[in-house]
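Below is one structure, written out as structure tokens, with a few remarks after it.
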Amino acid sequence: MIRLGSARDTRYESLMVENSEIYQSAVEQLERVAKILKLDGGLVESLKHPRKIIQVAVPVKMDDGSTKVFVGYRVQHNFARGPYKGGIRYHPEVSLDDVKALAMLMTWKCAVLNIPFGGAKGGVACPIKEFSEGEKERLTRRFTAMIADDIGPDKDIPAPDMYTDAQTMAWVMDTYSMLKGYMAQAVVTGKPVECGGSPGRTAATGFGVVVCALEAMKHNGMKLTGSTVAVQGFGNVGYHAARIIAGLGAKVVAVSDSKGGIYSADGLDLEAVAKHKEDTGTVQNLRGAKTISNEELLTTRCDVLLPCAMENQITGKNAANIKAAIMSEGANGPTTPDADVILDKKKIFVVPDILANAGGVTVSYYEWVQNQQRESWTEAEIRKKLEERMIGAFNDVLEVSKKHNVNMRSAAYVLAVGRVAAAMKKLGLFP
Ligand code: GLU
């Protein structure tokens with residue numbers, strides 16, 4: 001007999017069995033923190049599972065006249081603290097499990113920064129790098145139409161993530177608005193500034209990663225000027241993080257993309273790297289720089305390592321070889337739990353993803369507020385607010401880490417899960 005509603009419900013067990021590494025890490029972390037916070041078992045169970053999973057098969061007319069079907073997801077994890085919020089990614093390896101984990105991370109991220117949003121994530125599994133602009137637009141519009149009743153300015157607000165950008169968000173907003181019959185600017189964030197986007201949103205995640213790295217350096221008695229930095233990933237987050245930290249006086253000695261990396265002991269000219277990537281499709285083979293692998297990038301001798309590529313990069317296999325003193329995580333889930341144990345032993349100071357890369361969703365929140373209130377703020381105002389909020393959150397997490405004698409990742413989880421649990425307790429259960 002199936003015991004309905006029990007934590008041992010067979011349906012839940014099947015959900016747990018198929019879990020990917022990143023989902024398992026997220027659940028493990030939650031369980032560990034639940035013990036510190038002495039949370040009720042039912043509440044923890046409820047936080048382990050997303051509230052709603054939407055899965056769609058998206059047909060797209062390709063340029064060659066054929067029709068192809070791609071599987072898309074939107075996972076809504078928790079909305080106790082506000083509407084669901086989180087990006088949409090296009091990637092060949094997007095899986096439901098990954099999207100579930102990333103939705104959960106969004107809940108914690110918004111809570112660490114004390115932003116009144118819950119957590120969600122979306123994704124479509126597709127070979128996006130092979131798509132033309134037209135194919136990408138048709139995929140985006142059809143996917144949006146298929147999830148249109150589940151998103152909305154006060155319901156669930158998507159934003160850019162891997163291989164989606166401001167243009168993608170403009171298509172989402174336009175499609176949603178056409179279907180609903182009014183211009184719903186606040187349905188997405190990370191839009192182009194021309195149609196309701198916020199200045200400073202594109203660079204916000206990279207900026208936040210740098211603010212956290214600087215706070216971590218200060219806390220560890222290190223100086224920024226002349227320090228050396230390695231950046232994994234040269235997409236929106238990695239590029240801006242590298243550019244900003246170099247502009248402040250650090251020497252970026254290594255960068256990489258999905259194909260591999262480059263190294264120069266004298267520091268790289270980042271504008272030349274960006275141009276080279278635009279021309280050739282990769283940062284590799286830049287004149288005057290040594291070509292290295294992604295593995296070599298991670299283990300480069302440097303003061304600060306910024307992993308800004310993707311999940312599961314720093315693992316039990318390579319963590320022992322990391323030589324940086326500080327890590328500030330621009331990607332979501334770049335470090336596995338077994339790597340964390342090793343980094344702790346090596347006394348590497350890690351600013352975790354749910355704090356370090358929260359600059360993006362923070363400016364998303366500012367964009368949403370501007371849309372809802374029909375206001376527009378200047379880039380300088382936004383940057384000041386963002387910097388203050390990131391420094392405030394860094395110090396909140398640092399305090400929790402001292403109080404409970406845990407590392408920054410566990411402390412960020414304690415803060416976030418505690419805030420979400422407090423909201424859930426006050427809301428109670430309906431009916
Ligand atoms: N995709 C980004 C993230 O993972 C931004 C989410 C948002 O702005 O809603 O944090």
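Labeling convention for the structure tokens: chains A, B, ... as they appear, residues from 1 per chain, ligands from 1 in order of appearance.
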
Please write out the residues within 6 Å of ligand 1 as a PDB file with C-alpha atoms, in the first residue's frame, counting only C-alpha atoms and all ligand atoms.
ATOM      1  CA  LYS A  85      13.010  34.111  -9.469  1.00  0.00           C
ATOM      2  CA  GLY A  86      15.792  32.638 -11.555  1.00  0.00           C
ATOM      3  CA  GLY A  87      17.418  32.336 -14.945  1.00  0.00           C
ATOM      4  CA  PRO A 158      12.978  34.621 -15.466  1.00  0.00           C
ATOM      5  CA  ALA A 159      16.376  36.177 -16.244  1.00  0.00           C
ATOM      6  CA  PRO A 160      19.471  35.312 -18.314  1.00  0.00           C
ATOM      7  CA  ASP A 161      21.709  32.365 -17.434  1.00  0.00           C
ATOM      8  CA  ALA A 358      24.267  36.989  -6.175  1.00  0.00           C
ATOM      9  CA  GLY A 360      23.101  39.357 -10.835  1.00  0.00           C
ATOM     10  CA  VAL A 361      19.875  38.586  -9.047  1.00  0.00           C
ATOM     11  CA  SER A 364      17.502  41.859 -11.268  1.00  0.00           C
TER      12      SER A 364
END

Alpha helix (DSSP H) residues, from DSSP on the backbone, in range 19-136 of chain A, as a PDB file with N, CA, C and O atoms, in the first residue's frame:
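out29.pdb, freshly written:
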ATOM      1  N   GLU A  21      24.702  14.908  -9.419  1.00  0.00           N
ATOM      2  CA  GLU A  21      25.691  15.310  -8.419  1.00  0.00           C
ATOM      3  C   GLU A  21      25.352  16.653  -7.784  1.00  0.00           C
ATOM      4  O   GLU A  21      25.392  16.802  -6.564  1.00  0.00           O
ATOM      5  N   ILE A  22      24.982  17.615  -8.619  1.00  0.00           N
ATOM      6  CA  ILE A  22      24.743  18.965  -8.085  1.00  0.00           C
ATOM      7  C   ILE A  22      23.484  18.979  -7.202  1.00  0.00           C
ATOM      8  O   ILE A  22      23.440  19.637  -6.172  1.00  0.00           O
ATOM      9  N   TYR A  23      22.474  18.172  -7.576  1.00  0.00           N
ATOM     10  CA  TYR A  23      21.265  18.109  -6.744  1.00  0.00           C
ATOM     11  C   TYR A  23      21.587  17.445  -5.411  1.00  0.00           C
ATOM     12  O   TYR A  23      21.167  17.894  -4.348  1.00  0.00           O
ATOM     13  N   GLN A  24      22.386  16.367  -5.492  1.00  0.00           N
ATOM     14  CA  GLN A  24      22.770  15.682  -4.271  1.00  0.00           C
ATOM     15  C   GLN A  24      23.559  16.601  -3.344  1.00  0.00           C
ATOM     16  O   GLN A  24      23.314  16.622  -2.135  1.00  0.00           O
ATOM     17  N   SER A  25      24.483  17.391  -3.923  1.00  0.00           N
ATOM     18  CA  SER A  25      25.269  18.332  -3.094  1.00  0.00           C
ATOM     19  C   SER A  25      24.329  19.303  -2.405  1.00  0.00           C
ATOM     20  O   SER A  25      24.487  19.598  -1.220  1.00  0.00           O
ATOM     21  N   ALA A  26      23.349  19.814  -3.161  1.00  0.00           N
ATOM     22  CA  ALA A  26      22.439  20.822  -2.595  1.00  0.00           C
ATOM     23  C   ALA A  26      21.635  20.216  -1.450  1.00  0.00           C
ATOM     24  O   ALA A  26      21.481  20.842  -0.391  1.00  0.00           O
ATOM     25  N   VAL A  27      21.168  18.977  -1.622  1.00  0.00           N
ATOM     26  CA  VAL A  27      20.373  18.329  -0.578  1.00  0.00           C
ATOM     27  C   VAL A  27      21.244  18.014   0.647  1.00  0.00           C
ATOM     28  O   VAL A  27      20.844  18.240   1.791  1.00  0.00           O
ATOM     29  N   GLU A  28      22.469  17.525   0.387  1.00  0.00           N
ATOM     30  CA  GLU A  28      23.388  17.215   1.498  1.00  0.00           C
ATOM     31  C   GLU A  28      23.652  18.447   2.344  1.00  0.00           C
ATOM     32  O   GLU A  28      23.631  18.405   3.571  1.00  0.00           O
ATOM     33  N   GLN A  29      23.910  19.550   1.649  1.00  0.00           N
ATOM     34  CA  GLN A  29      24.200  20.805   2.330  1.00  0.00           C
ATOM     35  C   GLN A  29      22.995  21.231   3.179  1.00  0.00           C
ATOM     36  O   GLN A  29      23.135  21.642   4.329  1.00  0.00           O
ATOM     37  N   LEU A  30      21.808  21.079   2.596  1.00  0.00           N
ATOM     38  CA  LEU A  30      20.577  21.431   3.313  1.00  0.00           C
ATOM     39  C   LEU A  30      20.427  20.575   4.571  1.00  0.00           C
ATOM     40  O   LEU A  30      20.118  21.091   5.656  1.00  0.00           O
ATOM     41  N   GLU A  31      20.690  19.281   4.453  1.00  0.00           N
ATOM     42  CA  GLU A  31      20.538  18.382   5.613  1.00  0.00           C
ATOM     43  C   GLU A  31      21.520  18.744   6.723  1.00  0.00           C
ATOM     44  O   GLU A  31      21.174  18.745   7.906  1.00  0.00           O
ATOM     45  N   ARG A  32      22.739  19.088   6.319  1.00  0.00           N
ATOM     46  CA  ARG A  32      23.759  19.443   7.308  1.00  0.00           C
ATOM     47  C   ARG A  32      23.327  20.688   8.088  1.00  0.00           C
ATOM     48  O   ARG A  32      23.407  20.747   9.304  1.00  0.00           O
ATOM     49  N   VAL A  33      22.844  21.679   7.338  1.00  0.00           N
ATOM     50  CA  VAL A  33      22.451  22.947   7.950  1.00  0.00           C
ATOM     51  C   VAL A  33      21.183  22.776   8.793  1.00  0.00           C
ATOM     52  O   VAL A  33      21.044  23.391   9.850  1.00  0.00           O
ATOM     53  N   ALA A  34      20.292  21.885   8.346  1.00  0.00           N
ATOM     54  CA  ALA A  34      19.052  21.645   9.100  1.00  0.00           C
ATOM     55  C   ALA A  34      19.387  21.162  10.513  1.00  0.00           C
ATOM     56  O   ALA A  34      18.705  21.499  11.477  1.00  0.00           O
ATOM     57  N   LYS A  35      20.480  20.381  10.615  1.00  0.00           N
ATOM     58  CA  LYS A  35      20.897  19.892  11.943  1.00  0.00           C
ATOM     59  C   LYS A  35      21.375  21.045  12.811  1.00  0.00           C
ATOM     60  O   LYS A  35      21.006  21.149  13.976  1.00  0.00           O
ATOM     61  N   ILE A  36      22.190  21.915  12.208  1.00  0.00           N
ATOM     62  CA  ILE A  36      22.691  23.076  12.977  1.00  0.00           C
ATOM     63  C   ILE A  36      21.510  23.913  13.452  1.00  0.00           C
ATOM     64  O   ILE A  36      21.462  24.371  14.593  1.00  0.00           O
ATOM     65  N   LEU A  37      20.516  24.097  12.568  1.00  0.00           N
ATOM     66  CA  LEU A  37      19.373  24.958  12.899  1.00  0.00           C
ATOM     67  C   LEU A  37      18.277  24.205  13.660  1.00  0.00           C
ATOM     68  O   LEU A  37      17.271  24.801  14.044  1.00  0.00           O
ATOM     69  N   GLY A  41      11.677  18.005  10.791  1.00  0.00           N
ATOM     70  CA  GLY A  41      11.893  17.079   9.677  1.00  0.00           C
ATOM     71  C   GLY A  41      10.973  17.314   8.492  1.00  0.00           C
ATOM     72  O   GLY A  41      11.397  17.247   7.335  1.00  0.00           O
ATOM     73  N   GLY A  42       9.708  17.628   8.772  1.00  0.00           N
ATOM     74  CA  GLY A  42       8.735  17.849   7.699  1.00  0.00           C
ATOM     75  C   GLY A  42       9.100  19.076   6.881  1.00  0.00           C
ATOM     76  O   GLY A  42       8.967  19.101   5.653  1.00  0.00           O
ATOM     77  N   LEU A  43       9.585  20.098   7.584  1.00  0.00           N
ATOM     78  CA  LEU A  43       9.956  21.336   6.896  1.00  0.00           C
ATOM     79  C   LEU A  43      11.172  21.092   5.984  1.00  0.00           C
ATOM     80  O   LEU A  43      11.218  21.546   4.837  1.00  0.00           O
ATOM     81  N   VAL A  44      12.129  20.307   6.489  1.00  0.00           N
ATOM     82  CA  VAL A  44      13.326  20.000   5.684  1.00  0.00           C
ATOM     83  C   VAL A  44      12.903  19.200   4.447  1.00  0.00           C
ATOM     84  O   VAL A  44      13.360  19.463   3.334  1.00  0.00           O
ATOM     85  N   GLU A  45      11.998  18.246   4.659  1.00  0.00           N
ATOM     86  CA  GLU A  45      11.514  17.423   3.549  1.00  0.00           C
ATOM     87  C   GLU A  45      10.876  18.320   2.490  1.00  0.00           C
ATOM     88  O   GLU A  45      11.086  18.165   1.294  1.00  0.00           O
ATOM     89  N   SER A  46      10.118  19.281   2.952  1.00  0.00           N
ATOM     90  CA  SER A  46       9.423  20.176   2.043  1.00  0.00           C
ATOM     91  C   SER A  46      10.432  21.055   1.265  1.00  0.00           C
ATOM     92  O   SER A  46      10.224  21.360   0.087  1.00  0.00           O
ATOM     93  N   LEU A  47      11.539  21.414   1.906  1.00  0.00           N
ATOM     94  CA  LEU A  47      12.554  22.225   1.215  1.00  0.00           C
ATOM     95  C   LEU A  47      13.383  21.414   0.216  1.00  0.00           C
ATOM     96  O   LEU A  47      13.972  21.970  -0.708  1.00  0.00           O
ATOM     97  N   LYS A  48      13.420  20.094   0.417  1.00  0.00           N
ATOM     98  CA  LYS A  48      14.206  19.261  -0.501  1.00  0.00           C
ATOM     99  C   LYS A  48      13.545  19.169  -1.876  1.00  0.00           C
ATOM    100  O   LYS A  48      14.210  18.934  -2.872  1.00  0.00           O
ATOM    101  N   LEU A  96      16.711  17.709 -15.899  1.00  0.00           N
ATOM    102  CA  LEU A  96      15.734  18.117 -14.889  1.00  0.00           C
ATOM    103  C   LEU A  96      16.391  18.215 -13.511  1.00  0.00           C
ATOM    104  O   LEU A  96      16.143  19.150 -12.753  1.00  0.00           O
ATOM    105  N   ASP A  97      17.246  17.251 -13.208  1.00  0.00           N
ATOM    106  CA  ASP A  97      17.926  17.251 -11.913  1.00  0.00           C
ATOM    107  C   ASP A  97      18.741  18.516 -11.690  1.00  0.00           C
ATOM    108  O   ASP A  97      18.733  19.095 -10.615  1.00  0.00           O
ATOM    109  N   ASP A  98      19.493  18.898 -12.722  1.00  0.00           N
ATOM    110  CA  ASP A  98      20.314  20.109 -12.602  1.00  0.00           C
ATOM    111  C   ASP A  98      19.422  21.316 -12.366  1.00  0.00           C
ATOM    112  O   ASP A  98      19.720  22.173 -11.532  1.00  0.00           O
ATOM    113  N   VAL A  99      18.329  21.387 -13.106  1.00  0.00           N
ATOM    114  CA  VAL A  99      17.455  22.552 -12.980  1.00  0.00           C
ATOM    115  C   VAL A  99      16.819  22.581 -11.580  1.00  0.00           C
ATOM    116  O   VAL A  99      16.678  23.643 -10.975  1.00  0.00           O
ATOM    117  N   LYS A 100      16.501  21.399 -11.052  1.00  0.00           N
ATOM    118  CA  LYS A 100      15.969  21.324  -9.680  1.00  0.00           C
ATOM    119  C   LYS A 100      16.980  21.870  -8.676  1.00  0.00           C
ATOM    120  O   LYS A 100      16.650  22.639  -7.777  1.00  0.00           O
ATOM    121  N   ALA A 101      18.240  21.462  -8.838  1.00  0.00           N
ATOM    122  CA  ALA A 101      19.288  21.926  -7.917  1.00  0.00           C
ATOM    123  C   ALA A 101      19.486  23.432  -8.047  1.00  0.00           C
ATOM    124  O   ALA A 101      19.585  24.156  -7.044  1.00  0.00           O
ATOM    125  N   LEU A 102      19.517  23.903  -9.291  1.00  0.00           N
ATOM    126  CA  LEU A 102      19.774  25.330  -9.514  1.00  0.00           C
ATOM    127  C   LEU A 102      18.609  26.185  -9.003  1.00  0.00           C
ATOM    128  O   LEU A 102      18.817  27.309  -8.532  1.00  0.00           O
ATOM    129  N   ALA A 103      17.388  25.641  -9.077  1.00  0.00           N
ATOM    130  CA  ALA A 103      16.223  26.365  -8.541  1.00  0.00           C
ATOM    131  C   ALA A 103      16.356  26.502  -7.025  1.00  0.00           C
ATOM    132  O   ALA A 103      16.091  27.562  -6.446  1.00  0.00           O
ATOM    133  N   MET A 104      16.814  25.412  -6.389  1.00  0.00           N
ATOM    134  CA  MET A 104      17.011  25.457  -4.939  1.00  0.00           C
ATOM    135  C   MET A 104      18.083  26.492  -4.572  1.00  0.00           C
ATOM    136  O   MET A 104      17.920  27.285  -3.644  1.00  0.00           O
ATOM    137  N   LEU A 105      19.183  26.504  -5.348  1.00  0.00           N
ATOM    138  CA  LEU A 105      20.251  27.482  -5.083  1.00  0.00           C
ATOM    139  C   LEU A 105      19.719  28.914  -5.193  1.00  0.00           C
ATOM    140  O   LEU A 105      20.147  29.803  -4.456  1.00  0.00           O
ATOM    141  N   MET A 106      18.777  29.146  -6.130  1.00  0.00           N
ATOM    142  CA  MET A 106      18.199  30.495  -6.266  1.00  0.00           C
ATOM    143  C   MET A 106      17.429  30.883  -4.995  1.00  0.00           C
ATOM    144  O   MET A 106      17.482  32.045  -4.582  1.00  0.00           O
ATOM    145  N   THR A 107      16.712  29.917  -4.392  1.00  0.00           N
ATOM    146  CA  THR A 107      15.988  30.232  -3.153  1.00  0.00           C
ATOM    147  C   THR A 107      16.973  30.708  -2.089  1.00  0.00           C
ATOM    148  O   THR A 107      16.765  31.727  -1.420  1.00  0.00           O
ATOM    149  N   TRP A 108      18.083  29.970  -1.955  1.00  0.00           N
ATOM    150  CA  TRP A 108      19.070  30.343  -0.919  1.00  0.00           C
ATOM    151  C   TRP A 108      19.743  31.672  -1.265  1.00  0.00           C
ATOM    152  O   TRP A 108      19.985  32.511  -0.406  1.00  0.00           O
ATOM    153  N   LYS A 109      20.054  31.843  -2.547  1.00  0.00           N
ATOM    154  CA  LYS A 109      20.767  33.060  -2.981  1.00  0.00           C
ATOM    155  C   LYS A 109      19.950  34.307  -2.644  1.00  0.00           C
ATOM    156  O   LYS A 109      20.472  35.276  -2.084  1.00  0.00           O
ATOM    157  N   CYS A 110      18.663  34.280  -2.979  1.00  0.00           N
ATOM    158  CA  CYS A 110      17.816  35.449  -2.690  1.00  0.00           C
ATOM    159  C   CYS A 110      17.710  35.664  -1.182  1.00  0.00           C
ATOM    160  O   CYS A 110      17.685  36.801  -0.715  1.00  0.00           O
ATOM    161  N   ALA A 111      17.689  34.554  -0.431  1.00  0.00           N
ATOM    162  CA  ALA A 111      17.569  34.687   1.024  1.00  0.00           C
ATOM    163  C   ALA A 111      18.859  35.248   1.644  1.00  0.00           C
ATOM    164  O   ALA A 111      18.800  36.083   2.544  1.00  0.00           O
ATOM    165  N   VAL A 112      20.026  34.814   1.154  1.00  0.00           N
ATOM    166  CA  VAL A 112      21.299  35.338   1.706  1.00  0.00           C
ATOM    167  C   VAL A 112      21.363  36.847   1.529  1.00  0.00           C
ATOM    168  O   VAL A 112      21.792  37.578   2.416  1.00  0.00           O
ATOM    169  N   GLU A 133      20.497  32.881 -35.067  1.00  0.00           N
ATOM    170  CA  GLU A 133      19.734  33.842 -34.262  1.00  0.00           C
ATOM    171  C   GLU A 133      18.227  33.576 -34.401  1.00  0.00           C
ATOM    172  O   GLU A 133      17.475  33.619 -33.432  1.00  0.00           O
ATOM    173  N   GLY A 134      17.793  33.273 -35.635  1.00  0.00           N
ATOM    174  CA  GLY A 134      16.373  33.006 -35.889  1.00  0.00           C
ATOM    175  C   GLY A 134      15.891  31.770 -35.150  1.00  0.00           C
ATOM    176  O   GLY A 134      14.799  31.745 -34.576  1.00  0.00           O
ATOM    177  N   GLU A 135      16.693  30.719 -35.150  1.00  0.00           N
ATOM    178  CA  GLU A 135      16.319  29.482 -34.444  1.00  0.00           C
ATOM    179  C   GLU A 135      16.224  29.740 -32.941  1.00  0.00           C
ATOM    180  O   GLU A 135      15.311  29.258 -32.270  1.00  0.00           O
ATOM    181  N   LYS A 136      17.164  30.530 -32.446  1.00  0.00           N
ATOM    182  CA  LYS A 136      17.165  30.844 -31.008  1.00  0.00           C
ATOM    183  C   LYS A 136      15.905  31.641 -30.644  1.00  0.00           C
ATOM    184  O   LYS A 136      15.277  31.399 -29.615  1.00  0.00           O
TER     185      LYS A 136
END

Do you know which residues are at most 9 Å from Gly82 in chain A counting only C-alpha atoms, after dropping those on the same chain fewer than 2 positions away, and could you put them as an MDAnalysis selection string?
chainID A and resid 78:80 84:85 115:119 154:155

So that I can check the surroundings of Met162 in chain A, please list as an MDAnalysis selection string every protein, DNA and RNA residue that reaches within 12 Å of it, counting only C-alpha atoms and ignoring chain neighbours fewer than 6 positions away.
chainID A and resid 86:94 102 121:125 128:129 168 233:238 308:311 331:332

As a list of chain:residue names, please: every residue in range 145-291 of chain A that DSSP puts in strand (DSSP E).
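The strand (DSSP E) residues within range 145-291 of chain A come out as A:Asp156, A:Ile157, A:Pro158, A:Ala159, A:Pro160, A:Thr228, A:Val229, A:Ala230, A:Val231, A:Gln232, A:Lys251, A:Val252, A:Val253, A:Ala254, A:Val255, A:Ser256, A:Asp257, A:Gly260, A:Gly261, A:Ile262, A:Tyr263, A:Lys290, A:Thr291.
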
The selected residues should be written to file as a short mmCIF file (atom, residue, chain, number, x, y, z; two decimals), in the first residue's frame (atoms: C-alpha atoms).
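Below is the file selection00.cif, written as the result:
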data_model
loop_
_atom_site.label_atom_id
_atom_site.label_comp_id
_atom_site.auth_asym_id
_atom_site.auth_seq_id
_atom_site.Cartn_x
_atom_site.Cartn_y
_atom_site.Cartn_z
CA ASP A 156 7.82 33.79 -11.51
CA ILE A 157 10.34 36.13 -13.12
CA PRO A 158 12.98 34.62 -15.47
CA ALA A 159 16.38 36.18 -16.24
CA PRO A 160 19.47 35.31 -18.31
CA THR A 228 47.44 37.59 -9.09
CA VAL A 229 44.08 36.27 -10.30
CA ALA A 230 42.97 33.29 -12.42
CA VAL A 231 39.48 33.27 -13.94
CA GLN A 232 37.77 30.13 -15.23
CA LYS A 251 47.02 41.13 -12.34
CA VAL A 252 44.84 38.62 -14.22
CA VAL A 253 47.41 35.97 -15.15
CA ALA A 254 45.10 33.27 -16.55
CA VAL A 255 41.65 32.98 -18.14
CA SER A 256 39.85 30.14 -19.89
CA ASP A 257 36.70 29.19 -21.79
CA GLY A 260 40.85 25.77 -22.74
CA GLY A 261 42.87 28.63 -21.28
CA ILE A 262 45.82 30.99 -21.56
CA TYR A 263 48.46 32.16 -19.10
CA LYS A 290 50.92 30.39 -23.08
CA THR A 291 48.09 28.02 -23.95
#

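For the pair CA of Gly197 in chain A and CA of Ala242 in chain A, the separation is 23.5 Å.
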
Which one is closest to Asn321 in chain A: A:Leu298, A:Val56, A:Ala216, A:Leu306? Count only C-alpha atoms.
A:Leu298

Near range 171-183 of chain A, within 12 Å and counting only C-alpha atoms, which residues show up once chain neighbours fewer than 3 positions away are dropped, as JSON, numbers by chain?
{"A": [87, 88, 133, 134, 136, 137, 138, 139, 140, 141, 142, 143, 144, 145, 146, 147, 148, 149, 150, 151, 152, 153, 157, 158, 159, 160, 164, 165, 166, 167, 168, 186, 187, 188, 189, 190, 191, 192, 195, 196, 197, 371, 372]}

For C-alpha atoms, I'd like the residues from the last selection saved as a PDB file, in the first residue's frame.
ATOM      1  CA  GLY A  87      17.418  32.336 -14.945  1.00  0.00           C
ATOM      2  CA  ILE A  88      16.762  30.280 -18.058  1.00  0.00           C
ATOM      3  CA  GLU A 133      19.734  33.842 -34.262  1.00  0.00           C
ATOM      4  CA  GLY A 134      16.373  33.006 -35.889  1.00  0.00           C
ATOM      5  CA  LYS A 136      17.165  30.844 -31.008  1.00  0.00           C
ATOM      6  CA  GLU A 137      14.334  33.377 -31.259  1.00  0.00           C
ATOM      7  CA  ARG A 138      11.779  30.753 -32.354  1.00  0.00           C
ATOM      8  CA  LEU A 139      12.860  28.401 -29.546  1.00  0.00           C
ATOM      9  CA  THR A 140      12.579  31.209 -26.988  1.00  0.00           C
ATOM     10  CA  ARG A 141       9.161  32.390 -28.133  1.00  0.00           C
ATOM     11  CA  ARG A 142       7.654  28.898 -28.265  1.00  0.00           C
ATOM     12  CA  PHE A 143       9.147  27.909 -24.878  1.00  0.00           C
ATOM     13  CA  THR A 144       7.784  31.134 -23.367  1.00  0.00           C
ATOM     14  CA  ALA A 145       4.330  30.487 -24.813  1.00  0.00           C
ATOM     15  CA  MET A 146       4.357  27.003 -23.301  1.00  0.00           C
ATOM     16  CA  ILE A 147       5.208  28.237 -19.784  1.00  0.00           C
ATOM     17  CA  ALA A 148       3.298  31.552 -20.033  1.00  0.00           C
ATOM     18  CA  ASP A 149       0.661  30.633 -17.467  1.00  0.00           C
ATOM     19  CA  ASP A 150       3.304  29.715 -14.903  1.00  0.00           C
ATOM     20  CA  ILE A 151       5.408  32.889 -15.119  1.00  0.00           C
ATOM     21  CA  GLY A 152       4.400  36.510 -14.514  1.00  0.00           C
ATOM     22  CA  PRO A 153       5.550  39.734 -12.802  1.00  0.00           C
ATOM     23  CA  ILE A 157      10.342  36.134 -13.120  1.00  0.00           C
ATOM     24  CA  PRO A 158      12.978  34.621 -15.466  1.00  0.00           C
ATOM     25  CA  ALA A 159      16.376  36.177 -16.244  1.00  0.00           C
ATOM     26  CA  PRO A 160      19.471  35.312 -18.314  1.00  0.00           C
ATOM     27  CA  THR A 164      20.843  33.368 -22.787  1.00  0.00           C
ATOM     28  CA  ASP A 165      21.169  37.158 -22.671  1.00  0.00           C
ATOM     29  CA  ALA A 166      19.327  40.493 -22.785  1.00  0.00           C
ATOM     30  CA  GLN A 167      18.023  39.799 -26.314  1.00  0.00           C
ATOM     31  CA  THR A 168      16.615  36.445 -25.170  1.00  0.00           C
ATOM     32  CA  ALA A 186       8.399  43.098 -14.938  1.00  0.00           C
ATOM     33  CA  VAL A 187       7.921  39.526 -16.231  1.00  0.00           C
ATOM     34  CA  VAL A 188      11.662  39.206 -16.887  1.00  0.00           C
ATOM     35  CA  THR A 189      14.848  40.920 -15.732  1.00  0.00           C
ATOM     36  CA  GLY A 190      18.142  41.312 -17.533  1.00  0.00           C
ATOM     37  CA  LYS A 191      16.302  42.908 -20.491  1.00  0.00           C
ATOM     38  CA  PRO A 192      17.938  45.411 -22.845  1.00  0.00           C
ATOM     39  CA  CYS A 195      12.935  48.209 -23.257  1.00  0.00           C
ATOM     40  CA  GLY A 196      12.915  48.472 -19.487  1.00  0.00           C
ATOM     41  CA  GLY A 197      16.185  46.813 -18.501  1.00  0.00           C
ATOM     42  CA  ASN A 371       9.568  48.312 -13.639  1.00  0.00           C
ATOM     43  CA  GLN A 372       6.869  47.904 -10.991  1.00  0.00           C
TER      44      GLN A 372
END

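Taking CA of Gly418 in chain A and CA of Asp396 in chain A as the two end points, the separation is 12.9 Å.
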
In Å, with one decimal, what is the gap from CA of Ala320 in chain A to CA of Ile292 in chain A?
18.9 Å

I need the residue nearest Lys323 in chain A from this list: A:Ile348, A:Met424, A:Ala184, A:Ala339. Use only C-alpha atoms for the distance.
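Ranked by minimum distance to Lys323 in chain A, first place goes to A:Ile348.
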
Among listed residues A:Met217, A:Thr67, A:Lys384, A:Val400, nearest Phe349 in chain A (using only C-alpha atoms)
A:Met217

Counting only C-alpha atoms, which residue out of A:Gln370, A:Asn395, A:Asn285, A:Asn405 sits closest to His219 in chain A?
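Distance minimum relative to His219 in chain A lands on A:Asn395.
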